[in-house]
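Containing PDB, C-alpha atoms and all ligand atoms: work-v8.pdb.
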```pdb
ATOM      1  CA  MET A  16      -0.635  10.094 -30.790  1.00  0.00           C
ATOM      2  CA  LEU A  17      -1.452   8.714 -27.382  1.00  0.00           C
ATOM      3  CA  THR A  18      -3.432  11.115 -25.215  1.00  0.00           C
ATOM      4  CA  ILE A  19      -1.715  11.285 -21.836  1.00  0.00           C
ATOM      5  CA  PRO A  20      -3.652  13.425 -19.349  1.00  0.00           C
ATOM      6  CA  ALA A  21      -1.750  15.805 -17.076  1.00  0.00           C
ATOM      7  CA  ARG A  22      -0.184  14.105 -14.045  1.00  0.00           C
ATOM      8  CA  SER A  23      -1.926  16.565 -11.713  1.00  0.00           C
ATOM      9  CA  THR A  24      -5.310  15.666 -13.240  1.00  0.00           C
ATOM     10  CA  VAL A  25      -4.830  11.943 -12.632  1.00  0.00           C
ATOM     11  CA  ARG A  26      -3.369  12.502  -9.162  1.00  0.00           C
ATOM     12  CA  SER A  27      -6.443  14.484  -8.142  1.00  0.00           C
ATOM     13  CA  SER A  28      -8.782  12.018  -9.843  1.00  0.00           C
ATOM     14  CA  PRO A  29      -6.931   8.671  -9.724  1.00  0.00           C
ATOM     15  CA  VAL A  30      -7.809   5.446 -11.523  1.00  0.00           C
ATOM     16  CA  GLU A  31      -9.965   3.410  -9.145  1.00  0.00           C
ATOM     17  CA  SER A  32     -11.146  -0.148  -8.918  1.00  0.00           C
ATOM     18  CA  ASN A  33     -12.672  -2.258  -6.212  1.00  0.00           C
ATOM     19  CA  ARG A  34      -9.817  -2.418  -3.659  1.00  0.00           C
ATOM     20  CA  ILE A  35      -7.104  -0.168  -5.054  1.00  0.00           C
ATOM     21  CA  ILE A  36      -6.318   3.230  -6.500  1.00  0.00           C
ATOM     22  CA  LEU A  37      -3.659   3.992  -9.089  1.00  0.00           C
ATOM     23  CA  SER A  38      -2.056   7.394  -9.144  1.00  0.00           C
ATOM     24  CA  PRO A  39       0.926   8.787 -11.079  1.00  0.00           C
ATOM     25  CA  ILE A  40       4.223   8.291  -9.224  1.00  0.00           C
ATOM     26  CA  ASP A  41       5.412  11.587  -7.815  1.00  0.00           C
ATOM     27  CA  PRO A  42       8.647  12.606  -6.002  1.00  0.00           C
ATOM     28  CA  ALA A  43       6.685  12.428  -2.717  1.00  0.00           C
ATOM     29  CA  ASP A  44       6.337   8.637  -3.237  1.00  0.00           C
ATOM     30  CA  GLY A  45      10.136   8.104  -3.121  1.00  0.00           C
ATOM     31  CA  PRO A  46      10.451   7.064   0.571  1.00  0.00           C
ATOM     32  CA  GLU A  47       7.545   4.591   0.428  1.00  0.00           C
ATOM     33  CA  LEU A  48       8.860   3.088  -2.814  1.00  0.00           C
ATOM     34  CA  TRP A  49      12.223   2.545  -1.155  1.00  0.00           C
ATOM     35  CA  THR A  50      10.665   0.778   1.845  1.00  0.00           C
ATOM     36  CA  ALA A  51       8.503  -1.403  -0.409  1.00  0.00           C
ATOM     37  CA  VAL A  52      11.400  -2.484  -2.642  1.00  0.00           C
ATOM     38  CA  ASP A  53      13.921  -2.928   0.148  1.00  0.00           C
ATOM     39  CA  ASN A  54      11.567  -5.080   2.242  1.00  0.00           C
ATOM     40  CA  SER A  55      10.678  -7.286  -0.766  1.00  0.00           C
ATOM     41  CA  ARG A  56      14.132  -7.440  -2.322  1.00  0.00           C
ATOM     42  CA  TRP A  57      14.482 -11.244  -2.468  1.00  0.00           C
ATOM     43  CA  HIS A  58      10.940 -11.619  -3.866  1.00  0.00           C
ATOM     44  CA  LEU A  59      11.458  -9.002  -6.614  1.00  0.00           C
ATOM     45  CA  GLU A  60      15.042  -9.570  -7.694  1.00  0.00           C
ATOM     46  CA  ARG A  61      14.386 -13.009  -9.193  1.00  0.00           C
ATOM     47  CA  TRP A  62      12.380 -11.391 -11.983  1.00  0.00           C
ATOM     48  CA  LEU A  63      13.196  -7.673 -12.135  1.00  0.00           C
ATOM     49  CA  PRO A  64      16.693  -6.749 -13.349  1.00  0.00           C
ATOM     50  CA  TRP A  65      16.620  -3.215 -11.918  1.00  0.00           C
ATOM     51  CA  VAL A  66      16.240  -4.327  -8.278  1.00  0.00           C
ATOM     52  CA  PRO A  67      19.971  -4.723  -7.432  1.00  0.00           C
ATOM     53  CA  PHE A  68      20.553  -1.196  -8.770  1.00  0.00           C
ATOM     54  CA  ASN A  69      17.785   0.206  -6.566  1.00  0.00           C
ATOM     55  CA  ASN A  70      20.100   0.011  -3.578  1.00  0.00           C
ATOM     56  CA  SER A  71      19.525   3.210  -1.596  1.00  0.00           C
ATOM     57  CA  ALA A  72      16.778   5.601  -0.592  1.00  0.00           C
ATOM     58  CA  GLU A  73      18.386   8.135  -2.956  1.00  0.00           C
ATOM     59  CA  ALA A  74      18.052   5.698  -5.880  1.00  0.00           C
ATOM     60  CA  SER A  75      14.315   5.310  -5.163  1.00  0.00           C
ATOM     61  CA  GLN A  76      13.995   9.071  -4.934  1.00  0.00           C
ATOM     62  CA  ARG A  77      15.686   9.495  -8.327  1.00  0.00           C
ATOM     63  CA  TYR A  78      13.334   6.846  -9.765  1.00  0.00           C
ATOM     64  CA  ALA A  79      10.264   8.666  -8.402  1.00  0.00           C
ATOM     65  CA  GLU A  80      11.513  11.940  -9.881  1.00  0.00           C
ATOM     66  CA  ALA A  81      12.247  10.265 -13.238  1.00  0.00           C
ATOM     67  CA  CYS A  82       8.716   8.798 -13.266  1.00  0.00           C
ATOM     68  CA  ALA A  83       7.233  12.280 -12.865  1.00  0.00           C
ATOM     69  CA  GLN A  84       9.462  13.677 -15.641  1.00  0.00           C
ATOM     70  CA  ASP A  85       8.701  10.730 -17.953  1.00  0.00           C
ATOM     71  CA  TRP A  86       4.961  11.168 -17.432  1.00  0.00           C
ATOM     72  CA  ASP A  87       5.180  14.908 -18.158  1.00  0.00           C
ATOM     73  CA  ALA A  88       7.241  14.267 -21.303  1.00  0.00           C
ATOM     74  CA  GLY A  89       4.860  11.518 -22.508  1.00  0.00           C
ATOM     75  CA  ARG A  90       7.568   8.829 -22.293  1.00  0.00           C
ATOM     76  CA  ALA A  91       6.000   6.539 -19.676  1.00  0.00           C
ATOM     77  CA  VAL A  92       2.958   6.256 -17.435  1.00  0.00           C
ATOM     78  CA  ARG A  93       3.866   4.658 -14.103  1.00  0.00           C
ATOM     79  CA  MET A  94       1.412   4.523 -11.226  1.00  0.00           C
ATOM     80  CA  ALA A  95       1.662   3.680  -7.552  1.00  0.00           C
ATOM     81  CA  ILE A  96      -0.825   1.004  -6.491  1.00  0.00           C
ATOM     82  CA  ARG A  97      -2.366   1.978  -3.159  1.00  0.00           C
ATOM     83  CA  SER A  98      -4.889   0.235  -0.983  1.00  0.00           C
ATOM     84  CA  LYS A  99      -8.214   2.059  -1.010  1.00  0.00           C
ATOM     85  CA  LYS A 100      -8.653   1.207   2.663  1.00  0.00           C
ATOM     86  CA  ASP A 101      -5.572   2.909   4.139  1.00  0.00           C
ATOM     87  CA  ARG A 102      -3.646   4.340   1.139  1.00  0.00           C
ATOM     88  CA  GLU A 103      -0.709   1.986   1.800  1.00  0.00           C
ATOM     89  CA  LEU A 104       1.629   1.684  -1.203  1.00  0.00           C
ATOM     90  CA  LEU A 105       1.426  -1.924  -2.464  1.00  0.00           C
ATOM     91  CA  GLY A 106       3.432  -1.791  -5.684  1.00  0.00           C
ATOM     92  CA  VAL A 107       3.687  -0.249  -9.121  1.00  0.00           C
ATOM     93  CA  VAL A 108       1.956  -0.788 -12.444  1.00  0.00           C
ATOM     94  CA  GLY A 109       3.010   1.117 -15.515  1.00  0.00           C
ATOM     95  CA  LEU A 110       3.221   1.560 -19.245  1.00  0.00           C
ATOM     96  CA  ASP A 111       6.732   1.911 -20.659  1.00  0.00           C
ATOM     97  CA  SER A 112       8.163   1.909 -24.187  1.00  0.00           C
ATOM     98  CA  VAL A 113       5.503   4.402 -25.221  1.00  0.00           C
ATOM     99  CA  VAL A 114       5.511   4.928 -29.006  1.00  0.00           C
ATOM    100  CA  HIS A 115       3.111   7.696 -29.924  1.00  0.00           C
ATOM    101  CA  LEU A 116       3.254   7.053 -33.677  1.00  0.00           C
ATOM    102  CA  HIS A 117       2.003   3.489 -33.230  1.00  0.00           C
ATOM    103  CA  ARG A 118      -0.127   4.160 -30.125  1.00  0.00           C
ATOM    104  CA  SER A 119       1.685   1.309 -28.395  1.00  0.00           C
ATOM    105  CA  CYS A 120       3.200   0.716 -24.969  1.00  0.00           C
ATOM    106  CA  GLU A 121       4.378  -2.073 -22.677  1.00  0.00           C
ATOM    107  CA  LEU A 122       2.758  -3.138 -19.417  1.00  0.00           C
ATOM    108  CA  GLY A 123       4.954  -3.851 -16.384  1.00  0.00           C
ATOM    109  CA  TYR A 124       4.238  -4.373 -12.698  1.00  0.00           C
ATOM    110  CA  TRP A 125       5.299  -5.569  -9.270  1.00  0.00           C
ATOM    111  CA  LEU A 126       3.747  -5.971  -5.848  1.00  0.00           C
ATOM    112  CA  LYS A 127       5.454  -6.078  -2.503  1.00  0.00           C
ATOM    113  CA  ARG A 128       5.632  -9.574  -1.066  1.00  0.00           C
ATOM    114  CA  GLU A 129       2.893  -9.300   1.547  1.00  0.00           C
ATOM    115  CA  ALA A 130       0.398  -7.905  -0.991  1.00  0.00           C
ATOM    116  CA  CYS A 131       0.700 -10.957  -3.285  1.00  0.00           C
ATOM    117  CA  GLY A 132      -1.734 -13.835  -3.455  1.00  0.00           C
ATOM    118  CA  ASN A 133      -4.956 -11.834  -3.302  1.00  0.00           C
ATOM    119  CA  GLY A 134      -5.517 -11.122  -6.972  1.00  0.00           C
ATOM    120  CA  LEU A 135      -4.575  -7.483  -6.452  1.00  0.00           C
ATOM    121  CA  MET A 136      -2.278  -7.375  -9.462  1.00  0.00           C
ATOM    122  CA  THR A 137      -4.978  -8.721 -11.729  1.00  0.00           C
ATOM    123  CA  GLU A 138      -7.175  -5.886 -10.478  1.00  0.00           C
ATOM    124  CA  ALA A 139      -4.452  -3.224 -10.825  1.00  0.00           C
ATOM    125  CA  ALA A 140      -3.245  -4.383 -14.244  1.00  0.00           C
ATOM    126  CA  LYS A 141      -6.834  -4.591 -15.518  1.00  0.00           C
ATOM    127  CA  ALA A 142      -7.433  -0.997 -14.398  1.00  0.00           C
ATOM    128  CA  CYS A 143      -4.164   0.103 -16.035  1.00  0.00           C
ATOM    129  CA  VAL A 144      -5.021  -1.653 -19.309  1.00  0.00           C
ATOM    130  CA  GLY A 145      -8.468   0.001 -19.248  1.00  0.00           C
ATOM    131  CA  PHE A 146      -6.773   3.373 -18.683  1.00  0.00           C
ATOM    132  CA  ALA A 147      -4.404   2.702 -21.623  1.00  0.00           C
ATOM    133  CA  PHE A 148      -7.196   1.855 -24.046  1.00  0.00           C
ATOM    134  CA  ASP A 149      -9.929   4.200 -22.848  1.00  0.00           C
ATOM    135  CA  THR A 150      -7.997   7.302 -21.745  1.00  0.00           C
ATOM    136  CA  LEU A 151      -4.702   7.120 -23.636  1.00  0.00           C
ATOM    137  CA  ALA A 152      -6.360   5.657 -26.773  1.00  0.00           C
ATOM    138  CA  ALA A 153      -3.664   2.967 -27.032  1.00  0.00           C
ATOM    139  CA  HIS A 154      -3.935   0.592 -29.973  1.00  0.00           C
ATOM    140  CA  ARG A 155      -1.565  -2.139 -28.762  1.00  0.00           C
ATOM    141  CA  ILE A 156      -0.190  -3.139 -25.361  1.00  0.00           C
ATOM    142  CA  ARG A 157       2.709  -5.556 -25.142  1.00  0.00           C
ATOM    143  CA  CYS A 158       3.449  -7.571 -22.023  1.00  0.00           C
ATOM    144  CA  ALA A 159       6.225 -10.090 -21.413  1.00  0.00           C
ATOM    145  CA  ALA A 160       7.171 -12.359 -18.527  1.00  0.00           C
ATOM    146  CA  ALA A 161       9.893 -14.926 -17.940  1.00  0.00           C
ATOM    147  CA  THR A 162       8.682 -18.354 -19.033  1.00  0.00           C
ATOM    148  CA  GLU A 163       9.022 -19.561 -15.403  1.00  0.00           C
ATOM    149  CA  ASN A 164       7.386 -16.543 -13.766  1.00  0.00           C
ATOM    150  CA  TYR A 165       4.124 -18.416 -13.266  1.00  0.00           C
ATOM    151  CA  ALA A 166       2.434 -15.787 -11.083  1.00  0.00           C
ATOM    152  CA  SER A 167       2.999 -13.111 -13.725  1.00  0.00           C
ATOM    153  CA  LEU A 168       1.942 -15.419 -16.575  1.00  0.00           C
ATOM    154  CA  ARG A 169      -1.321 -16.124 -14.741  1.00  0.00           C
ATOM    155  CA  VAL A 170      -1.998 -12.396 -14.438  1.00  0.00           C
ATOM    156  CA  ILE A 171      -1.311 -11.841 -18.154  1.00  0.00           C
ATOM    157  CA  MET A 172      -3.527 -14.752 -19.196  1.00  0.00           C
ATOM    158  CA  ARG A 173      -6.368 -13.624 -16.940  1.00  0.00           C
ATOM    159  CA  LEU A 174      -6.281 -10.164 -18.549  1.00  0.00           C
ATOM    160  CA  GLY A 175      -6.948 -11.707 -21.954  1.00  0.00           C
ATOM    161  CA  PHE A 176      -3.556 -11.020 -23.559  1.00  0.00           C
ATOM    162  CA  ARG A 177      -2.707 -13.188 -26.568  1.00  0.00           C
ATOM    163  CA  PHE A 178       0.531 -15.160 -26.823  1.00  0.00           C
ATOM    164  CA  GLU A 179       2.873 -14.045 -29.608  1.00  0.00           C
ATOM    165  CA  GLY A 180       6.033 -16.076 -29.070  1.00  0.00           C
ATOM    166  CA  ILE A 181       9.198 -16.582 -27.070  1.00  0.00           C
ATOM    167  CA  ALA A 182      11.963 -13.998 -26.946  1.00  0.00           C
ATOM    168  CA  ARG A 183      15.081 -16.075 -26.255  1.00  0.00           C
ATOM    169  CA  GLN A 184      17.344 -15.019 -23.369  1.00  0.00           C
ATOM    170  CA  ALA A 185      15.626 -11.663 -23.316  1.00  0.00           C
ATOM    171  CA  GLU A 186      16.934 -10.631 -19.885  1.00  0.00           C
ATOM    172  CA  TYR A 187      19.898 -11.283 -17.612  1.00  0.00           C
ATOM    173  CA  VAL A 188      18.296 -11.329 -14.191  1.00  0.00           C
ATOM    174  CA  GLY A 189      19.251 -12.964 -10.897  1.00  0.00           C
ATOM    175  CA  GLY A 190      22.507 -14.251 -12.402  1.00  0.00           C
ATOM    176  CA  ARG A 191      20.938 -16.145 -15.315  1.00  0.00           C
ATOM    177  CA  TRP A 192      19.452 -15.542 -18.764  1.00  0.00           C
ATOM    178  CA  VAL A 193      15.684 -15.873 -18.912  1.00  0.00           C
ATOM    179  CA  ASP A 194      13.469 -16.468 -21.931  1.00  0.00           C
ATOM    180  CA  HIS A 195      10.409 -14.248 -22.179  1.00  0.00           C
ATOM    181  CA  ALA A 196       6.920 -15.234 -23.207  1.00  0.00           C
ATOM    182  CA  VAL A 197       5.612 -12.266 -25.190  1.00  0.00           C
ATOM    183  CA  PHE A 198       1.934 -11.326 -25.278  1.00  0.00           C
ATOM    184  CA  SER A 199      -0.135  -8.456 -26.637  1.00  0.00           C
ATOM    185  CA  GLN A 200      -3.595  -7.045 -26.484  1.00  0.00           C
ATOM    186  CA  LEU A 201      -5.088  -4.815 -29.184  1.00  0.00           C
ATOM    187  CA  THR A 202      -7.967  -2.472 -28.681  1.00  0.00           C
ATOM    188  CA  THR A 203      -9.781  -4.489 -31.355  1.00  0.00           C
ATOM    189  CA  ASP A 204      -9.283  -7.722 -29.331  1.00  0.00           C
ATOM    190  CA  ARG A 205     -11.243  -6.107 -26.547  1.00  0.00           C
ATOM    191  CA  SER A 206     -14.222  -5.320 -28.731  1.00  0.00           C
ATOM    192  CA  SER A 207     -14.245  -8.827 -30.214  1.00  0.00           C
ATOM    193  CA  GLU A 208     -14.048 -10.404 -26.737  1.00  0.00           C
ATOM    194  CA  GLU A 209     -16.887  -8.202 -25.480  1.00  0.00           C
ATOM    195  CA  ALA A 210     -18.918  -9.138 -28.558  1.00  0.00           C
ATOM    196  CA  GLU A 211     -18.222 -12.863 -27.966  1.00  0.00           C
ATOM    197  CA  ALA A 212     -19.283 -12.548 -24.308  1.00  0.00           C
ATOM    198  CA  SER A 213     -22.596 -10.862 -25.166  1.00  0.00           C
TER     199      SER A 213
HETATM  200  C1  LIG B   1       3.635 -11.045 -10.628  1.00  0.00           C
HETATM  201  C2  LIG B   1       2.944 -10.550  -9.358  1.00  0.00           C
HETATM  202  C3  LIG B   1       2.714  -9.064  -9.481  1.00  0.00           C
HETATM  203  C4  LIG B   1       1.623 -11.290  -9.205  1.00  0.00           C
HETATM  204  O1  LIG B   1       0.961 -10.823  -8.055  1.00  0.00           O
HETATM  205  P1  LIG B   1      -0.486 -11.428  -7.588  1.00  0.00           P
HETATM  206  O2  LIG B   1      -1.558 -11.167  -8.543  1.00  0.00           O
HETATM  207  O3  LIG B   1      -0.704 -11.047  -6.204  1.00  0.00           O
HETATM  208  O4  LIG B   1      -0.186 -12.889  -7.776  1.00  0.00           O
HETATM  209  P2  LIG B   1      -0.846 -14.123  -7.072  1.00  0.00           P
HETATM  210  O5  LIG B   1       0.059 -14.562  -5.992  1.00  0.00           O
HETATM  211  O6  LIG B   1      -2.265 -13.831  -6.737  1.00  0.00           O
HETATM  212  O7  LIG B   1      -0.754 -15.130  -8.231  1.00  0.00           O
HETATM  213  C5  LIG B   1      -1.365 -14.923  -9.456  1.00  0.00           C
HETATM  214  C6  LIG B   1      -1.691 -16.281  -9.982  1.00  0.00           C
HETATM  215  O8  LIG B   1      -0.498 -17.046 -10.158  1.00  0.00           O
HETATM  216  C7  LIG B   1      -0.596 -18.254  -9.409  1.00  0.00           C
HETATM  217  N1  LIG B   1       0.744 -18.522  -8.885  1.00  0.00           N
HETATM  218  C8  LIG B   1       1.432 -17.792  -7.975  1.00  0.00           C
HETATM  219  N2  LIG B   1       2.642 -18.349  -7.759  1.00  0.00           N
HETATM  220  C9  LIG B   1       2.688 -19.456  -8.547  1.00  0.00           C
HETATM  221  C10 LIG B   1       3.663 -20.469  -8.770  1.00  0.00           C
HETATM  222  N3  LIG B   1       4.838 -20.431  -8.146  1.00  0.00           N
HETATM  223  N4  LIG B   1       3.367 -21.453  -9.631  1.00  0.00           N
HETATM  224  C11 LIG B   1       2.213 -21.493 -10.296  1.00  0.00           C
HETATM  225  N5  LIG B   1       1.241 -20.563 -10.130  1.00  0.00           N
HETATM  226  C12 LIG B   1       1.484 -19.563  -9.276  1.00  0.00           C
HETATM  227  C13 LIG B   1      -1.601 -17.981  -8.327  1.00  0.00           C
HETATM  228  O9  LIG B   1      -2.224 -19.189  -7.911  1.00  0.00           O
HETATM  229  C14 LIG B   1      -2.582 -17.062  -9.042  1.00  0.00           C
HETATM  230  O10 LIG B   1      -3.421 -17.770  -9.904  1.00  0.00           O
HETATM  231  P3  LIG B   1      -4.977 -17.951  -9.585  1.00  0.00           P
HETATM  232  O11 LIG B   1      -5.511 -16.623  -9.158  1.00  0.00           O
HETATM  233  O12 LIG B   1      -5.513 -18.418 -10.874  1.00  0.00           O
HETATM  234  O13 LIG B   1      -4.986 -18.934  -8.465  1.00  0.00           O
HETATM  235  C15 LIG B   1       3.826 -10.780  -8.100  1.00  0.00           C
HETATM  236  O14 LIG B   1       4.058 -12.142  -7.964  1.00  0.00           O
HETATM  237  C16 LIG B   1       5.164 -10.047  -8.150  1.00  0.00           C
HETATM  238  O15 LIG B   1       5.248  -8.864  -7.836  1.00  0.00           O
HETATM  239  N6  LIG B   1       6.244 -10.755  -8.549  1.00  0.00           N
HETATM  240  C17 LIG B   1       7.580 -10.191  -8.573  1.00  0.00           C
HETATM  241  C18 LIG B   1       7.722  -9.132  -9.654  1.00  0.00           C
HETATM  242  C19 LIG B   1       7.327  -9.641 -11.012  1.00  0.00           C
HETATM  243  O16 LIG B   1       7.506 -10.803 -11.321  1.00  0.00           O
HETATM  244  N7  LIG B   1       6.783  -8.733 -11.843  1.00  0.00           N
HETATM  245  C20 LIG B   1       6.349  -9.077 -13.185  1.00  0.00           C
HETATM  246  C21 LIG B   1       7.482  -9.183 -14.115  1.00  0.00           C
HETATM  247  S1  LIG B   1       6.902  -9.739 -15.709  1.00  0.00           S
END
```

As structure tokens, the full file:
Amino acid sequence: MLTIPARSTVRSSPVESNRIILSPIDPADGPELWTAVDNSRWHLERWLPWVPFNNSAEASQRYAEACAQDWDAGRAVRMAIRSKKDRELLGVVGLDSVVHLHRSCELGYWLKREACGNGLMTEAAKACVGFAFDTLAAHRIRCAAATENYASLRVIMRLGFRFEGIARQAEYVGGRWVDHAVFSQLTTDRSSEEAEAS
């Protein structure tokens, strides 16, 4: 089983790194999520198939409420990325497709347009991966990106994920089928990489 701490525990003691904090998405985040998605629509909808369906403040509110329910039921762990400086919501990083039996999950993320280009997603995703292995006791994390989503592929590579293969026409997004490059990281990869570095 994965060990998912209570949402209230992580909200009162969020995951922190240098410039950002990650805290479980809560219904109170709905309005800010809507603003972030709606203002970055063209930037997000090329790669994220859910964006056209997130078409009203009510839809964002329902998403925020579903995130809270999914966390409480152990189905998914999705966190708002906020700037440490002013608590501004910058994006989302999360673990979906949680399978307790196999201690596995899938990493996903997005940043609003103006937050991109500063390495913030590398920082947020690294913190989320650390949370998955160290707190949730995950064994395997999968991550996939469209073969032409170069910014996302760079993030995945920098986090030390290993390439597994291509999933053909894995998603219909932005009016076309996209192939996915599929990667994974195992908890045992981490220990071998740390050993190699020392
Ligand atoms: C993926 C995403 C979160 C990355 O955010 P970020 O870390 O701020 O990304 P950056 O802009 O710093 O780019 C990350 C890397 O990709 C590189 N990159 C960015 N755009 C690129 C492009 N068009 N071609 C090649 N490389 C590119 C950057 O140079 C950087 O590499 P470096 O640090 O080695 O120089 C952000 O682009 C995003 O939200 N995209 C839309 C949603 C999305 O694609 N989510 C992931 C779905 S799998």

Could you put an axis-aligned box around every listed atom of ligand LIG 1 (chain B), padded by 4 Å on each side, and send me its centre and edge lengths in Å to one decimal, as JSON?
```
{"center_x": 1.1, "center_y": -15.1, "center_z": -10.9, "size_x": 21.2, "size_y": 20.8, "size_z": 17.7}
```

>> I need the output of the PyMOL selection byres (((not hetatm)) within 8 of (chain B and resi 1)) for this file as a ChimeraX atom specification; which residues are they?
In response: /A:58-63,106,123-128,130-138,158-161,164-170,173

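The result of the PyMOL selection byres (((chain A and resi 72) around 10) and not hetatm) on the shown file is Gly45, Pro46, Glu47, Leu48, Trp49, Thr50, Val52, Asp53, Asn69, Asn70, Ser71, Glu73, Ala74, Ser75, Gln76, Arg77 and Tyr78 of chain A.
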
Could you pull the residues within 12 Å of Ser28 (chain A), counting all atoms listed in the file, minus those fewer than 4 positions along the same chain, as a PDB file with C-alpha atoms, keeping the file's coordinate frame?
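Contents of result.pdb, as written:
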```
ATOM      1  CA  PRO A  20      -3.652  13.425 -19.349  1.00  0.00           C
ATOM      2  CA  ALA A  21      -1.750  15.805 -17.076  1.00  0.00           C
ATOM      3  CA  ARG A  22      -0.184  14.105 -14.045  1.00  0.00           C
ATOM      4  CA  SER A  23      -1.926  16.565 -11.713  1.00  0.00           C
ATOM      5  CA  THR A  24      -5.310  15.666 -13.240  1.00  0.00           C
ATOM      6  CA  ILE A  36      -6.318   3.230  -6.500  1.00  0.00           C
ATOM      7  CA  LEU A  37      -3.659   3.992  -9.089  1.00  0.00           C
ATOM      8  CA  SER A  38      -2.056   7.394  -9.144  1.00  0.00           C
ATOM      9  CA  PRO A  39       0.926   8.787 -11.079  1.00  0.00           C
TER      10      PRO A  39
END
```

>> I'd like the contact shell of His115 (chain A) - 7 Å cut-off, only C-alpha atoms, skipping same-chain residues fewer than 2 positions apart - returned as a list of chain:residue names.
In response: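 With the cut-off at 7 Å, the set is A:Met16, A:Leu17, A:Val113, A:His117, A:Arg118, A:Ser119.
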
Residues of the last selection are to be written out with C-alpha atoms, as a PDB file, in the frame of the given file.
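Writing the result to part32.pdb gives the following:
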```pdb
ATOM      1  CA  MET A  16      -0.635  10.094 -30.790  1.00  0.00           C
ATOM      2  CA  LEU A  17      -1.452   8.714 -27.382  1.00  0.00           C
ATOM      3  CA  VAL A 113       5.503   4.402 -25.221  1.00  0.00           C
ATOM      4  CA  HIS A 117       2.003   3.489 -33.230  1.00  0.00           C
ATOM      5  CA  ARG A 118      -0.127   4.160 -30.125  1.00  0.00           C
ATOM      6  CA  SER A 119       1.685   1.309 -28.395  1.00  0.00           C
TER       7      SER A 119
END
```

>> Using all atoms listed in the file, which protein or nucleic acid residues come within 7 Å of Gln184 (chain A)? Drop anything in the same chain fewer than 5 positions from it, and give the result as number ranges by chain.
In response: A: 192-194

> Applied to this file, what does the PyMOL selection byres (((chain A and resi 91) around 12) and not hetatm) return in terms of residues, put as a ChimeraX atom specification?
Replying inline: /A:17-20,22,39-40,81-90,92-94,108-115,119-123,147,151

> Leu104 (chain A): which residues within 8 Å, counting all atoms listed in the file, same-chain residues fewer than 3 positions away excluded, as a PyMOL selection string?
Replying inline: chain A and resi 47-48+51+95-98

> Of the candidates A:Leu201, A:Trp57, A:Val66, A:His195, which one gets nearest to Ala152 (chain A) if we count all atoms listed in the file?
Replying inline: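 When distances to Ala152 (chain A) are compared using all atoms listed in the file, the smallest one comes from A:Leu201.
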
>> One number please: CA of Val197 (chain A) to CA of His154 (chain A), in Å, one decimal.
In response: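 Computing it gives 16.7 Å between the two atoms.
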
> In Å, how far is it from CA of Ser27 (chain A) to CA of Arg155 (chain A)?
Replying inline: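 Spanning CA of Ser27 (chain A) to CA of Arg155 (chain A) is a straight-line distance of 26.9 Å.
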
> Could you work out how far CA of Ala79 (chain A) lies from CA of Ser199 (chain A), giving the answer in Å with one decimal?
Replying inline: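 For CA of Ser199 (chain A) relative to CA of Ala79 (chain A), the distance reads 27.1 Å.
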
> In terms of the shortest atom-to-atom distance over only C-alpha atoms, which of A:Lys141, A:Lys99, A:Arg34, A:Arg26 is closest to Ile156 (chain A)?
Replying inline: A:Lys141
